[in-house]
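K.L.:
Quick one: the structure is below, and I'll ask about it shortly.
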Amino acid sequence: MTRFSLRQYLRDNATWLSAGVLLTFLSSFGQTFFISVFAGNIRAEFGLGHGAWGGLYSLGTTVSAVVMIWAGGLTDIFRVRVLGPVVLAGLALAALAMAVNSWLILLPLVVFLLRLFGQGMSIHLAQVAMARWFTVTRGKALSIASVGYAIGEALLPLAFVAAMALLDWRWLWVVSAVIVLMGIPVLTRLLRQERTPQSLASEYSATGMMGRHWTRKETLCHPLFWFMAPALLGPSAFITAFFFQQVHLAEVKGWQHIDLVALFPVYTGVSLISMFAAGWALDKWGTARLMPYYQIPIAIGFVIAGMTSSIAGAMIAMAFLGLTVGANNTLPSAFWAEFYGTRHIGSIKAMATAVMVLGSAIGPGLTGVLLDAGISLDAQFLWIGGFFILVCLSAKIGILRAERSF
């Protein structure tokens, strides 16, 4: 796409793309990279070890994954301009709950609300909207919408770690709630008129394998979904674990936490480049050629993270992680639309999102338990690298089988 045509594309679609960017940015307040900034404060406040905090976090996240199976399907029934403000209001309420809660028994509930409305529904709404509203330029739309997430990932941890020197951590959650609430009127104004009204969705829909639209039940019964499940679960599980354990990682490596957090913009910058490159590539070649290989960099990144003892090595590792994470923000959403059609994309992607959220529950809990068992993060990272090689093989086999259906 030339500079002129890109400028024209952005101008023509600015309203809808901006809505996607806003939703993905505000999802940051329910993402692990943000919540984990407060991990030390939360563990100290409630007297939790790594395993206990990881277990509570996993419990809340797992329940949110189960609820996503139902809640995600609402995007096939209600327009984004109806669901969006409700989701953001729920996320703001969750942030306020984290600010005021002093009961350990309620901590999993607070985590559940943050994960459901932040990591789950905010991202889900944005991605389903882009996949449904755009067909020929689906990759570019998904990439642009994901910029909001990248901005949050690059700026918010650094800003809030610095702000801890000035404000108590609970007041910072109040600030988070205010920011989310401010996004509601902006989203409502952006979506006064949606790009594709629900009543016209079938006119703009694109079919998948066998030239038809697959239902969620049919998708779950198709082998490809299960061949791809590790590819959905893996990045979510172990990138989440990486950020979740950032305080402990800095401690055992002998780094200052702020020095590690200062690398996040590098990670985000690489992921942004990768995200746009993946969007361009999938519009040109489709997802089938890309899905089996895009997780190779994350395998390399975890191996480097496990072997390095320097901040420079950590920067290289995070750059490799960013290559896969950037592509992961674009490719999977387009994959479901390409192989299973768009008519039921909300329900189908809700299942995929549930698997992803489940992964983000497994990662922190698993690494926390292994740490308490005496298995270092370095050793865990090496095994995680090997896991991602197997993920690539699974995706390759599944796609080779499924391509015969086109």
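Naming scheme: A, B, ... for chains in displayed order of the structure tokens; residues 1 onward per chain; ligands 1 onward as shown.
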List the spatial neighbours of Ala126 of chain A as number ranges by chain - criterion: any atom at most 10 Å away, only C-alpha atoms, same-chain residues fewer than 5 positions off excluded.
P.N.:
A: 16-17, 19-24, 27, 80, 84, 121, 131, 142, 145-146
K.L.:
Could you name the residues that touch segment 235-243 of chain A at 6 Å or less, counting only C-alpha atoms, but leaving out those on the same chain fewer than 6 positions away, as a JSON list (two decimals) with C-alpha atoms, in the first residue's frame?
P.N.:
```
[["chain", "number", "residue", "atom", "x", "y", "z"],
["A", 32, "THR", "CA", -0.91, -9.02, 33.00],
["A", 33, "PHE", "CA", 1.81, -6.58, 31.92],
["A", 356, "MET", "CA", -6.10, -17.76, 25.18],
["A", 359, "GLY", "CA", -3.42, -19.97, 28.82],
["A", 360, "SER", "CA", -2.88, -16.72, 30.68],
["A", 362, "ILE", "CA", -1.97, -21.48, 33.38],
["A", 363, "GLY", "CA", 1.27, -19.55, 32.84],
["A", 364, "PRO", "CA", 1.52, -17.58, 36.11]]
```
K.L.:
Can you list, as a PyMOL selection string, every protein, DNA or RNA residue that comes within 8 Å of Val391 of chain A when you count only C-alpha atoms, leaving out same-chain residues fewer than 2 positions away?
P.N.:
chain A and resi 230-231+234+295+387-389+393-395
K.L.:
Residues of the last selection are to be written out with N, CA and C atoms, as a compact mmCIF listing (two decimals), in the first residue's frame.
P.N.:
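Final output, again28.txt:
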```txt
# COMPACT_ATOMS: atom_id res chain seq x y z
N PRO A 230 -2.79 -25.29 20.82
CA PRO A 230 -1.51 -24.95 21.48
C PRO A 230 -0.95 -23.61 21.03
N ALA A 231 -1.19 -23.24 19.76
CA ALA A 231 -0.71 -21.95 19.25
C ALA A 231 -1.47 -20.80 19.89
N GLY A 234 -0.16 -21.08 23.96
CA GLY A 234 1.25 -20.88 24.26
C GLY A 234 1.69 -19.45 24.51
N GLN A 295 5.74 -18.46 15.46
CA GLN A 295 6.12 -18.62 16.87
C GLN A 295 7.56 -19.12 17.05
N PHE A 387 8.88 -26.05 23.98
CA PHE A 387 7.44 -26.18 23.79
C PHE A 387 6.98 -25.46 22.53
N PHE A 388 7.51 -24.28 22.27
CA PHE A 388 7.05 -23.51 21.11
C PHE A 388 7.46 -24.14 19.78
N ILE A 389 8.54 -24.89 19.76
CA ILE A 389 8.90 -25.62 18.55
C ILE A 389 7.83 -26.68 18.25
N LEU A 393 5.05 -27.21 14.93
CA LEU A 393 4.80 -28.47 14.23
C LEU A 393 3.32 -28.82 14.23
N SER A 394 2.65 -28.61 15.35
CA SER A 394 1.22 -28.89 15.45
C SER A 394 0.43 -28.02 14.48
N ALA A 395 0.76 -26.73 14.41
CA ALA A 395 0.05 -25.83 13.49
C ALA A 395 0.28 -26.23 12.04
```
K.L.:
Which residues of segment 310-387 of chain A come within 12 Å of segment 148-161 of chain A, and for each one, what is the closest pair of atoms and their distance in Å to one decimal, counting only C-alpha atoms, sorted by chain and residue number, as a Markdown table?
P.N.:
```
| residue | atom | partner | partner_atom | distance |
| --- | --- | --- | --- | --- |
| A:Gly322 | CA | A:Ala150 | CA | 10.2 |
| A:Val325 | CA | A:Ala150 | CA | 10.0 |
| A:Gly326 | CA | A:Ala150 | CA | 8.6 |
| A:Ala327 | CA | A:Ala150 | CA | 12.0 |
| A:Asn329 | CA | A:Tyr149 | CA | 9.0 |
| A:Thr330 | CA | A:Tyr149 | CA | 11.8 |
```
K.L.:
For Gly385 of chain A, please output as a ChimeraX atom specification all residues within 8 Å (counting only C-alpha atoms; exclusion window: fewer than 3 positions along the same chain).
P.N.:
/A:298-303,381-382,388-389
K.L.:
For the residues in the current selection, export N, CA, C and O atoms as a tab-separated table (two decimals), in the first residue's frame.
P.N.:
```
chain	number	residue	atom	x	y	z
A	298	ILE	N	9.61	-16.60	19.28
A	298	ILE	CA	9.37	-16.64	20.73
A	298	ILE	C	10.13	-17.80	21.37
A	298	ILE	O	10.58	-17.70	22.51
A	299	ALA	N	10.30	-18.88	20.62
A	299	ALA	CA	11.11	-20.00	21.12
A	299	ALA	C	12.54	-19.54	21.34
A	299	ALA	O	13.16	-19.83	22.38
A	300	ILE	N	13.09	-18.82	20.36
A	300	ILE	CA	14.45	-18.31	20.48
A	300	ILE	C	14.55	-17.32	21.64
A	300	ILE	O	15.51	-17.33	22.42
A	301	GLY	N	13.55	-16.46	21.77
A	301	GLY	CA	13.56	-15.45	22.82
A	301	GLY	C	13.61	-16.05	24.20
A	301	GLY	O	14.36	-15.56	25.08
A	302	PHE	N	12.83	-17.10	24.45
A	302	PHE	CA	12.83	-17.71	25.78
A	302	PHE	C	14.15	-18.43	26.08
A	302	PHE	O	14.62	-18.43	27.22
A	303	VAL	N	14.74	-19.02	25.06
A	303	VAL	CA	16.04	-19.66	25.27
A	303	VAL	C	17.09	-18.61	25.65
A	303	VAL	O	17.88	-18.81	26.58
A	381	PHE	N	12.44	-21.28	31.35
A	381	PHE	CA	12.45	-20.60	30.05
A	381	PHE	C	13.01	-21.50	28.95
A	381	PHE	O	12.55	-21.46	27.81
A	382	LEU	N	14.00	-22.32	29.28
A	382	LEU	CA	14.56	-23.23	28.27
A	382	LEU	C	13.53	-24.27	27.83
A	382	LEU	O	13.40	-24.56	26.64
A	388	PHE	N	7.51	-24.28	22.27
A	388	PHE	CA	7.05	-23.51	21.11
A	388	PHE	C	7.46	-24.14	19.78
A	388	PHE	O	6.79	-23.95	18.76
A	389	ILE	N	8.54	-24.89	19.76
A	389	ILE	CA	8.90	-25.62	18.55
A	389	ILE	C	7.83	-26.68	18.25
A	389	ILE	O	7.41	-26.86	17.10
```
K.L.:
Would you give me, as a ChimeraX atom specification, the residues in segment 82-263 of chain A that DSSP reads as alpha helix (DSSP H)?
P.N.:
/A:82-100,107-114,123-133,138-145,147-163,169-190,201-204,216-220,223-244,246-253,257-261
K.L.:
Measuring between only C-alpha atoms, which one of A:Leu220, A:Met130, A:Leu59, A:Ala288 shows the shortest distance to Lys396 of chain A?
P.N.:
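Smallest distance to Lys396 of chain A is found for A:Ala288.
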K.L.:
Hey, which of A:Thr268, A:Ser5, A:Thr61, A:Ser102 ends up closest to Phe46 of chain A? Count only C-alpha atoms.
P.N.:
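Among A:Thr268, A:Ser5, A:Thr61, A:Ser102, it is A:Ser102 that comes nearest to Phe46 of chain A.
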K.L.:
Compare A:Cys221, A:Phe227, A:Leu96, A:Leu233 by their minimum atom-to-atom distance to Val174 of chain A, counting only C-alpha atoms, and give me the closest one.
P.N.:
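Checking each candidate against Val174 of chain A, we get A:Leu96 as the closest.
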K.L.:
Report as a compact mmCIF listing (two decimals) with all heavy atoms, in the first residue's frame all protein, DNA and RNA residues lying within 12 Å of Ala337 of chain A, evaluated on only C-alpha atoms, omitting residues in the same chain fewer than 2 positions from it.
P.N.:
```txt
# COMPACT_ATOMS: atom_id res chain seq x y z
N GLN A 127 -11.18 -6.96 18.12
CA GLN A 127 -10.75 -7.88 17.07
C GLN A 127 -11.91 -8.41 16.25
O GLN A 127 -11.81 -8.54 15.02
CB GLN A 127 -9.95 -9.03 17.70
CG GLN A 127 -8.61 -8.57 18.27
CD GLN A 127 -7.81 -9.70 18.86
OE1 GLN A 127 -8.34 -10.76 19.21
NE2 GLN A 127 -6.51 -9.51 19.00
N VAL A 128 -13.03 -8.71 16.91
CA VAL A 128 -14.20 -9.17 16.17
C VAL A 128 -14.71 -8.06 15.25
O VAL A 128 -15.09 -8.29 14.10
CB VAL A 128 -15.31 -9.64 17.13
CG1 VAL A 128 -16.64 -9.82 16.39
CG2 VAL A 128 -14.91 -10.94 17.79
N ALA A 129 -14.72 -6.83 15.76
CA ALA A 129 -15.17 -5.70 14.95
C ALA A 129 -14.30 -5.54 13.70
O ALA A 129 -14.82 -5.37 12.59
CB ALA A 129 -15.15 -4.42 15.77
N MET A 130 -12.98 -5.59 13.86
CA MET A 130 -12.09 -5.44 12.71
C MET A 130 -12.26 -6.60 11.73
O MET A 130 -12.29 -6.40 10.51
CB MET A 130 -10.63 -5.38 13.17
CG MET A 130 -10.27 -4.20 14.04
SD MET A 130 -10.63 -2.58 13.34
CE MET A 130 -12.04 -2.10 14.37
N ALA A 131 -12.37 -7.83 12.24
CA ALA A 131 -12.53 -8.99 11.36
C ALA A 131 -13.84 -8.95 10.59
O ALA A 131 -13.93 -9.40 9.45
CB ALA A 131 -12.44 -10.28 12.19
N ARG A 132 -14.88 -8.38 11.20
CA ARG A 132 -16.19 -8.32 10.56
C ARG A 132 -16.32 -7.10 9.65
O ARG A 132 -16.87 -7.19 8.56
CB ARG A 132 -17.28 -8.31 11.63
CG ARG A 132 -18.69 -8.23 11.07
CD ARG A 132 -19.73 -8.40 12.17
NE ARG A 132 -19.83 -9.79 12.59
CZ ARG A 132 -19.99 -10.18 13.85
NH1 ARG A 132 -20.06 -9.29 14.81
NH2 ARG A 132 -20.08 -11.46 14.14
N TRP A 133 -15.81 -5.97 10.09
CA TRP A 133 -15.98 -4.73 9.33
C TRP A 133 -15.10 -4.68 8.08
O TRP A 133 -15.41 -4.00 7.12
CB TRP A 133 -15.66 -3.52 10.21
CG TRP A 133 -16.64 -3.26 11.29
CD1 TRP A 133 -17.91 -3.76 11.40
CD2 TRP A 133 -16.45 -2.44 12.46
NE1 TRP A 133 -18.52 -3.30 12.55
CE2 TRP A 133 -17.65 -2.49 13.21
CE3 TRP A 133 -15.40 -1.67 12.92
CZ2 TRP A 133 -17.81 -1.79 14.40
CZ3 TRP A 133 -15.54 -0.97 14.11
CH2 TRP A 133 -16.74 -1.04 14.85
N PHE A 134 -13.94 -5.36 8.12
CA PHE A 134 -12.98 -5.29 7.01
C PHE A 134 -12.75 -6.70 6.46
O PHE A 134 -12.60 -7.65 7.22
CB PHE A 134 -11.65 -4.70 7.48
CG PHE A 134 -11.76 -3.29 8.01
CD1 PHE A 134 -12.05 -3.06 9.35
CD2 PHE A 134 -11.57 -2.21 7.16
CE1 PHE A 134 -12.14 -1.76 9.84
CE2 PHE A 134 -11.67 -0.91 7.64
CZ PHE A 134 -11.96 -0.69 8.98
N THR A 135 -12.71 -6.81 5.15
CA THR A 135 -12.49 -8.11 4.52
C THR A 135 -11.18 -8.12 3.74
O THR A 135 -10.23 -8.82 4.09
CB THR A 135 -13.66 -8.48 3.58
OG1 THR A 135 -14.88 -8.48 4.33
CG2 THR A 135 -13.47 -9.86 2.98
N VAL A 136 -11.09 -7.31 2.69
CA VAL A 136 -9.88 -7.27 1.86
C VAL A 136 -8.69 -6.75 2.67
O VAL A 136 -7.57 -7.23 2.50
CB VAL A 136 -10.11 -6.38 0.62
CG1 VAL A 136 -8.83 -6.27 -0.21
CG2 VAL A 136 -11.24 -6.96 -0.23
N ARG A 138 -8.38 -6.83 6.05
CA ARG A 138 -8.56 -7.31 7.42
C ARG A 138 -7.24 -7.28 8.20
O ARG A 138 -7.21 -6.88 9.37
CB ARG A 138 -9.12 -8.73 7.40
CG ARG A 138 -9.41 -9.31 8.78
CD ARG A 138 -10.01 -10.69 8.65
NE ARG A 138 -11.34 -10.64 8.06
CZ ARG A 138 -11.79 -11.49 7.14
NH1 ARG A 138 -11.00 -12.45 6.69
NH2 ARG A 138 -13.01 -11.37 6.67
N GLY A 139 -6.16 -7.68 7.58
CA GLY A 139 -4.87 -7.70 8.26
C GLY A 139 -4.43 -6.31 8.69
O GLY A 139 -3.97 -6.12 9.81
N SER A 205 -20.32 -10.54 4.62
CA SER A 205 -19.63 -11.66 5.24
C SER A 205 -18.79 -12.42 4.24
O SER A 205 -19.04 -12.41 3.03
CB SER A 205 -20.64 -12.61 5.90
OG SER A 205 -21.54 -13.12 4.95
N ALA A 206 -17.76 -13.11 4.75
CA ALA A 206 -16.88 -13.92 3.92
C ALA A 206 -16.92 -15.35 4.42
O ALA A 206 -16.87 -15.60 5.62
CB ALA A 206 -15.45 -13.37 3.99
N THR A 207 -16.99 -16.30 3.49
CA THR A 207 -17.09 -17.70 3.86
C THR A 207 -15.71 -18.28 4.17
O THR A 207 -14.68 -17.70 3.85
CB THR A 207 -17.73 -18.51 2.73
OG1 THR A 207 -16.96 -18.35 1.53
CG2 THR A 207 -19.15 -18.04 2.48
N GLY A 208 -15.72 -19.48 4.77
CA GLY A 208 -14.48 -20.16 5.12
C GLY A 208 -14.31 -21.44 4.31
O GLY A 208 -14.64 -21.48 3.12
N MET A 209 -13.82 -22.49 4.95
CA MET A 209 -13.62 -23.77 4.26
C MET A 209 -14.93 -24.29 3.68
O MET A 209 -16.01 -24.07 4.24
CB MET A 209 -13.05 -24.81 5.26
CG MET A 209 -11.65 -24.51 5.75
SD MET A 209 -11.04 -25.75 6.92
CE MET A 209 -12.10 -25.43 8.34
N ARG A 212 -18.48 -22.08 3.06
CA ARG A 212 -19.64 -21.85 3.93
C ARG A 212 -19.21 -21.25 5.26
O ARG A 212 -18.03 -21.13 5.57
CB ARG A 212 -20.39 -23.16 4.17
CG ARG A 212 -19.62 -24.23 4.93
CD ARG A 212 -20.41 -25.52 4.96
NE ARG A 212 -19.75 -26.57 5.73
CZ ARG A 212 -19.90 -26.74 7.05
NH1 ARG A 212 -20.65 -25.91 7.75
NH2 ARG A 212 -19.29 -27.74 7.66
N HIS A 213 -20.20 -20.84 6.05
CA HIS A 213 -19.98 -20.29 7.38
C HIS A 213 -20.13 -21.41 8.42
O HIS A 213 -21.16 -22.07 8.46
CB HIS A 213 -20.97 -19.18 7.68
CG HIS A 213 -20.84 -18.00 6.78
ND1 HIS A 213 -19.88 -17.04 6.96
CD2 HIS A 213 -21.53 -17.63 5.67
CE1 HIS A 213 -20.00 -16.11 6.02
NE2 HIS A 213 -20.99 -16.45 5.22
N TRP A 214 -19.10 -21.58 9.23
CA TRP A 214 -19.11 -22.62 10.24
C TRP A 214 -19.67 -22.09 11.55
O TRP A 214 -19.38 -20.96 11.95
CB TRP A 214 -17.68 -23.13 10.48
CG TRP A 214 -17.09 -23.85 9.30
CD1 TRP A 214 -16.81 -23.33 8.07
CD2 TRP A 214 -16.71 -25.22 9.25
NE1 TRP A 214 -16.27 -24.27 7.24
CE2 TRP A 214 -16.20 -25.46 7.94
CE3 TRP A 214 -16.73 -26.27 10.16
CZ2 TRP A 214 -15.73 -26.70 7.54
CZ3 TRP A 214 -16.26 -27.52 9.76
CH2 TRP A 214 -15.77 -27.71 8.47
N THR A 215 -20.47 -22.90 12.22
CA THR A 215 -20.95 -22.53 13.55
C THR A 215 -19.88 -22.87 14.59
O THR A 215 -18.89 -23.58 14.28
CB THR A 215 -22.23 -23.27 13.92
OG1 THR A 215 -21.95 -24.68 14.02
CG2 THR A 215 -23.32 -23.04 12.86
N THR A 219 -17.08 -25.89 14.44
CA THR A 219 -15.66 -25.56 14.57
C THR A 219 -15.00 -26.41 15.64
O THR A 219 -13.89 -26.93 15.45
CB THR A 219 -15.50 -24.07 14.90
OG1 THR A 219 -16.09 -23.28 13.86
CG2 THR A 219 -14.03 -23.70 15.05
N GLY A 286 -2.29 -14.64 2.96
CA GLY A 286 -3.22 -15.39 3.78
C GLY A 286 -2.54 -15.97 5.00
O GLY A 286 -1.31 -16.01 5.11
N THR A 287 -3.35 -16.44 5.94
CA THR A 287 -2.79 -16.91 7.21
C THR A 287 -2.19 -18.31 7.13
O THR A 287 -1.34 -18.66 7.94
CB THR A 287 -3.88 -16.91 8.30
OG1 THR A 287 -4.97 -17.73 7.87
CG2 THR A 287 -4.38 -15.50 8.56
N ALA A 288 -2.63 -19.12 6.15
CA ALA A 288 -2.18 -20.51 6.10
C ALA A 288 -0.66 -20.62 5.97
O ALA A 288 -0.04 -21.52 6.55
CB ALA A 288 -2.86 -21.24 4.94
N THR A 330 -2.36 -10.07 15.31
CA THR A 330 -3.02 -9.94 14.01
C THR A 330 -3.45 -11.28 13.41
O THR A 330 -4.59 -11.44 12.99
CB THR A 330 -2.07 -9.23 13.02
OG1 THR A 330 -1.71 -7.95 13.54
CG2 THR A 330 -2.73 -9.06 11.66
N LEU A 331 -2.53 -12.23 13.36
CA LEU A 331 -2.77 -13.46 12.60
C LEU A 331 -3.91 -14.33 13.11
O LEU A 331 -4.76 -14.75 12.31
CB LEU A 331 -1.48 -14.29 12.53
CG LEU A 331 -0.32 -13.67 11.74
CD1 LEU A 331 0.89 -14.59 11.78
CD2 LEU A 331 -0.73 -13.41 10.30
N PRO A 332 -3.99 -14.67 14.41
CA PRO A 332 -5.04 -15.60 14.83
C PRO A 332 -6.46 -15.10 14.55
O PRO A 332 -7.32 -15.87 14.13
CB PRO A 332 -4.79 -15.75 16.34
CG PRO A 332 -3.35 -15.46 16.51
CD PRO A 332 -3.07 -14.37 15.53
N SER A 333 -6.73 -13.81 14.77
CA SER A 333 -8.08 -13.27 14.52
C SER A 333 -8.46 -13.42 13.06
O SER A 333 -9.60 -13.77 12.73
CB SER A 333 -8.15 -11.80 14.94
OG SER A 333 -7.97 -11.67 16.33
N ALA A 334 -7.50 -13.13 12.18
CA ALA A 334 -7.78 -13.29 10.74
C ALA A 334 -7.89 -14.76 10.37
O ALA A 334 -8.65 -15.12 9.46
CB ALA A 334 -6.66 -12.63 9.93
N PHE A 335 -7.16 -15.62 11.07
CA PHE A 335 -7.18 -17.06 10.77
C PHE A 335 -8.58 -17.64 10.90
O PHE A 335 -9.06 -18.36 10.03
CB PHE A 335 -6.22 -17.78 11.70
CG PHE A 335 -6.25 -19.28 11.58
CD1 PHE A 335 -5.54 -19.91 10.58
CD2 PHE A 335 -7.00 -20.04 12.46
CE1 PHE A 335 -5.58 -21.30 10.46
CE2 PHE A 335 -7.04 -21.42 12.35
CZ PHE A 335 -6.33 -22.05 11.35
N PHE A 339 -10.69 -19.31 7.75
CA PHE A 339 -10.96 -20.74 7.66
C PHE A 339 -12.40 -21.11 8.02
O PHE A 339 -12.90 -22.13 7.57
CB PHE A 339 -10.00 -21.51 8.58
CG PHE A 339 -8.66 -21.79 7.94
CD1 PHE A 339 -7.70 -20.80 7.84
CD2 PHE A 339 -8.38 -23.04 7.41
CE1 PHE A 339 -6.49 -21.05 7.23
CE2 PHE A 339 -7.17 -23.31 6.80
CZ PHE A 339 -6.21 -22.30 6.71
N TYR A 340 -13.07 -20.27 8.84
CA TYR A 340 -14.40 -20.65 9.30
C TYR A 340 -15.49 -19.63 8.95
O TYR A 340 -16.66 -19.82 9.31
CB TYR A 340 -14.39 -20.87 10.82
CG TYR A 340 -13.56 -22.08 11.22
CD1 TYR A 340 -12.31 -21.92 11.81
CD2 TYR A 340 -14.02 -23.37 10.98
CE1 TYR A 340 -11.54 -23.02 12.16
CE2 TYR A 340 -13.26 -24.47 11.33
CZ TYR A 340 -12.02 -24.30 11.92
OH TYR A 340 -11.26 -25.40 12.27
N GLY A 341 -15.14 -18.57 8.22
CA GLY A 341 -16.14 -17.59 7.82
C GLY A 341 -16.41 -16.56 8.91
O GLY A 341 -15.95 -16.69 10.04
N THR A 342 -17.18 -15.52 8.54
CA THR A 342 -17.37 -14.38 9.46
C THR A 342 -18.76 -14.30 10.08
O THR A 342 -18.96 -13.52 11.00
CB THR A 342 -17.10 -13.06 8.72
OG1 THR A 342 -17.99 -12.97 7.58
CG2 THR A 342 -15.66 -12.98 8.24
N ARG A 343 -19.71 -15.08 9.60
CA ARG A 343 -21.06 -14.93 10.12
C ARG A 343 -21.16 -15.24 11.61
O ARG A 343 -21.88 -14.59 12.36
CB ARG A 343 -22.04 -15.81 9.33
CG ARG A 343 -23.51 -15.60 9.74
CD ARG A 343 -24.44 -16.32 8.79
NE ARG A 343 -24.28 -15.82 7.42
CZ ARG A 343 -24.73 -16.45 6.34
NH1 ARG A 343 -25.34 -17.63 6.47
NH2 ARG A 343 -24.56 -15.94 5.14
N HIS A 344 -20.41 -16.25 12.06
CA HIS A 344 -20.43 -16.63 13.47
C HIS A 344 -19.08 -16.35 14.13
O HIS A 344 -18.70 -17.01 15.10
CB HIS A 344 -20.78 -18.11 13.61
CG HIS A 344 -22.05 -18.50 12.90
ND1 HIS A 344 -23.29 -18.12 13.33
CD2 HIS A 344 -22.24 -19.22 11.76
CE1 HIS A 344 -24.21 -18.59 12.50
NE2 HIS A 344 -23.60 -19.27 11.55
N ILE A 345 -18.36 -15.35 13.60
CA ILE A 345 -16.99 -15.11 14.06
C ILE A 345 -16.95 -14.73 15.53
O ILE A 345 -16.00 -15.07 16.25
CB ILE A 345 -16.32 -14.01 13.19
CG1 ILE A 345 -14.84 -13.86 13.53
CG2 ILE A 345 -17.05 -12.68 13.33
CD1 ILE A 345 -14.01 -15.06 13.22
N GLY A 346 -17.98 -14.05 16.04
CA GLY A 346 -17.99 -13.67 17.45
C GLY A 346 -17.98 -14.89 18.35
O GLY A 346 -17.19 -14.97 19.30
N SER A 347 -18.85 -15.86 18.05
CA SER A 347 -18.93 -17.06 18.88
C SER A 347 -17.68 -17.92 18.74
O SER A 347 -17.18 -18.48 19.72
CB SER A 347 -20.16 -17.88 18.48
OG SER A 347 -21.34 -17.16 18.73
N ILE A 348 -17.17 -18.04 17.51
CA ILE A 348 -15.98 -18.86 17.28
C ILE A 348 -14.77 -18.24 17.97
O ILE A 348 -14.01 -18.92 18.68
CB ILE A 348 -15.71 -19.02 15.77
CG1 ILE A 348 -16.82 -19.85 15.13
CG2 ILE A 348 -14.35 -19.67 15.52
CD1 ILE A 348 -16.79 -19.89 13.62
N LYS A 349 -14.61 -16.94 17.77
CA LYS A 349 -13.46 -16.29 18.39
C LYS A 349 -13.60 -16.23 19.91
O LYS A 349 -12.59 -16.16 20.62
CB LYS A 349 -13.25 -14.90 17.81
CG LYS A 349 -11.88 -14.38 18.18
CD LYS A 349 -11.58 -13.05 17.59
CE LYS A 349 -10.21 -12.60 18.08
NZ LYS A 349 -10.10 -12.64 19.55
N ALA A 352 -11.88 -19.23 20.97
CA ALA A 352 -10.44 -19.04 20.83
C ALA A 352 -9.91 -18.13 21.92
O ALA A 352 -8.85 -18.37 22.51
CB ALA A 352 -10.11 -18.46 19.44
```
K.L.:
Give me the residues near Gln246 of chain A as an MDAnalysis selection string, where near means some atom within 8 Å (using only C-alpha atoms) and where sequence neighbours in that chain fewer than 6 positions away do not count.
P.N.:
chainID A and resid 36 257 260
K.L.:
Based on the selection just made, write all heavy atoms of those residues as an mmCIF file, in the first residue's frame.
P.N.:
```cif
data_model
loop_
_atom_site.group_PDB
_atom_site.id
_atom_site.type_symbol
_atom_site.label_atom_id
_atom_site.label_comp_id
_atom_site.auth_asym_id
_atom_site.auth_seq_id
_atom_site.Cartn_x
_atom_site.Cartn_y
_atom_site.Cartn_z
ATOM 1 N N SER A 36 0.846 -6.938 36.827
ATOM 2 C CA SER A 36 2.062 -7.461 37.450
ATOM 3 C C SER A 36 2.977 -6.360 37.969
ATOM 4 O O SER A 36 3.855 -6.623 38.796
ATOM 5 C CB SER A 36 2.821 -8.340 36.453
ATOM 6 O OG SER A 36 3.200 -7.595 35.307
ATOM 7 N N HIS A 257 14.390 -3.341 38.974
ATOM 8 C CA HIS A 257 13.104 -3.530 38.299
ATOM 9 C C HIS A 257 12.871 -2.457 37.245
ATOM 10 O O HIS A 257 12.403 -2.735 36.140
ATOM 11 C CB HIS A 257 11.969 -3.525 39.329
ATOM 12 C CG HIS A 257 10.624 -3.833 38.744
ATOM 13 N ND1 HIS A 257 9.437 -3.401 39.308
ATOM 14 C CD2 HIS A 257 10.263 -4.523 37.621
ATOM 15 C CE1 HIS A 257 8.427 -3.809 38.571
ATOM 16 N NE2 HIS A 257 8.897 -4.487 37.552
ATOM 17 N N LEU A 260 14.535 -3.239 33.978
ATOM 18 C CA LEU A 260 13.830 -4.220 33.173
ATOM 19 C C LEU A 260 12.597 -3.598 32.518
ATOM 20 O O LEU A 260 12.337 -3.795 31.327
ATOM 21 C CB LEU A 260 13.413 -5.419 34.040
ATOM 22 C CG LEU A 260 12.641 -6.539 33.335
ATOM 23 C CD1 LEU A 260 13.466 -7.140 32.199
ATOM 24 C CD2 LEU A 260 12.228 -7.625 34.330
#
```
K.L.:
Considering only C-alpha atoms, state which residue in the set A:Val270, A:Met228, A:Ile123, A:Ala373 is at the smallest distance from Ala402 of chain A.
P.N.:
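Counting only C-alpha atoms, the residue closest to Ala402 of chain A is A:Met228.
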K.L.:
Between atom CA of Ala94 of chain A and atom CA of Trp171 of chain A, measure the distance and give it in Å to one decimal.
P.N.:
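Distance between the two atoms: 13.7 Å.
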K.L.:
Using atom CA of Val252 of chain A and atom CA of Tyr267 of chain A as the two end points, give the distance in Å to one decimal.
P.N.:
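Those two atoms sit 20.7 Å apart.
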K.L.:
Quick one: residues within 10 Å of Ala39 of chain A, only C-alpha atoms counted, chain neighbours fewer than 3 positions away excluded, as a list in words?
P.N.:
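Result of the neighbour search: Thr32, Phe34, Ile35, Ser36, Ile42, Arg43, Ala44, Glu45, Leu48, His50, Trp53, Gly54, Phe244, Gln245, Gln246, Val247 and His248 of chain A.
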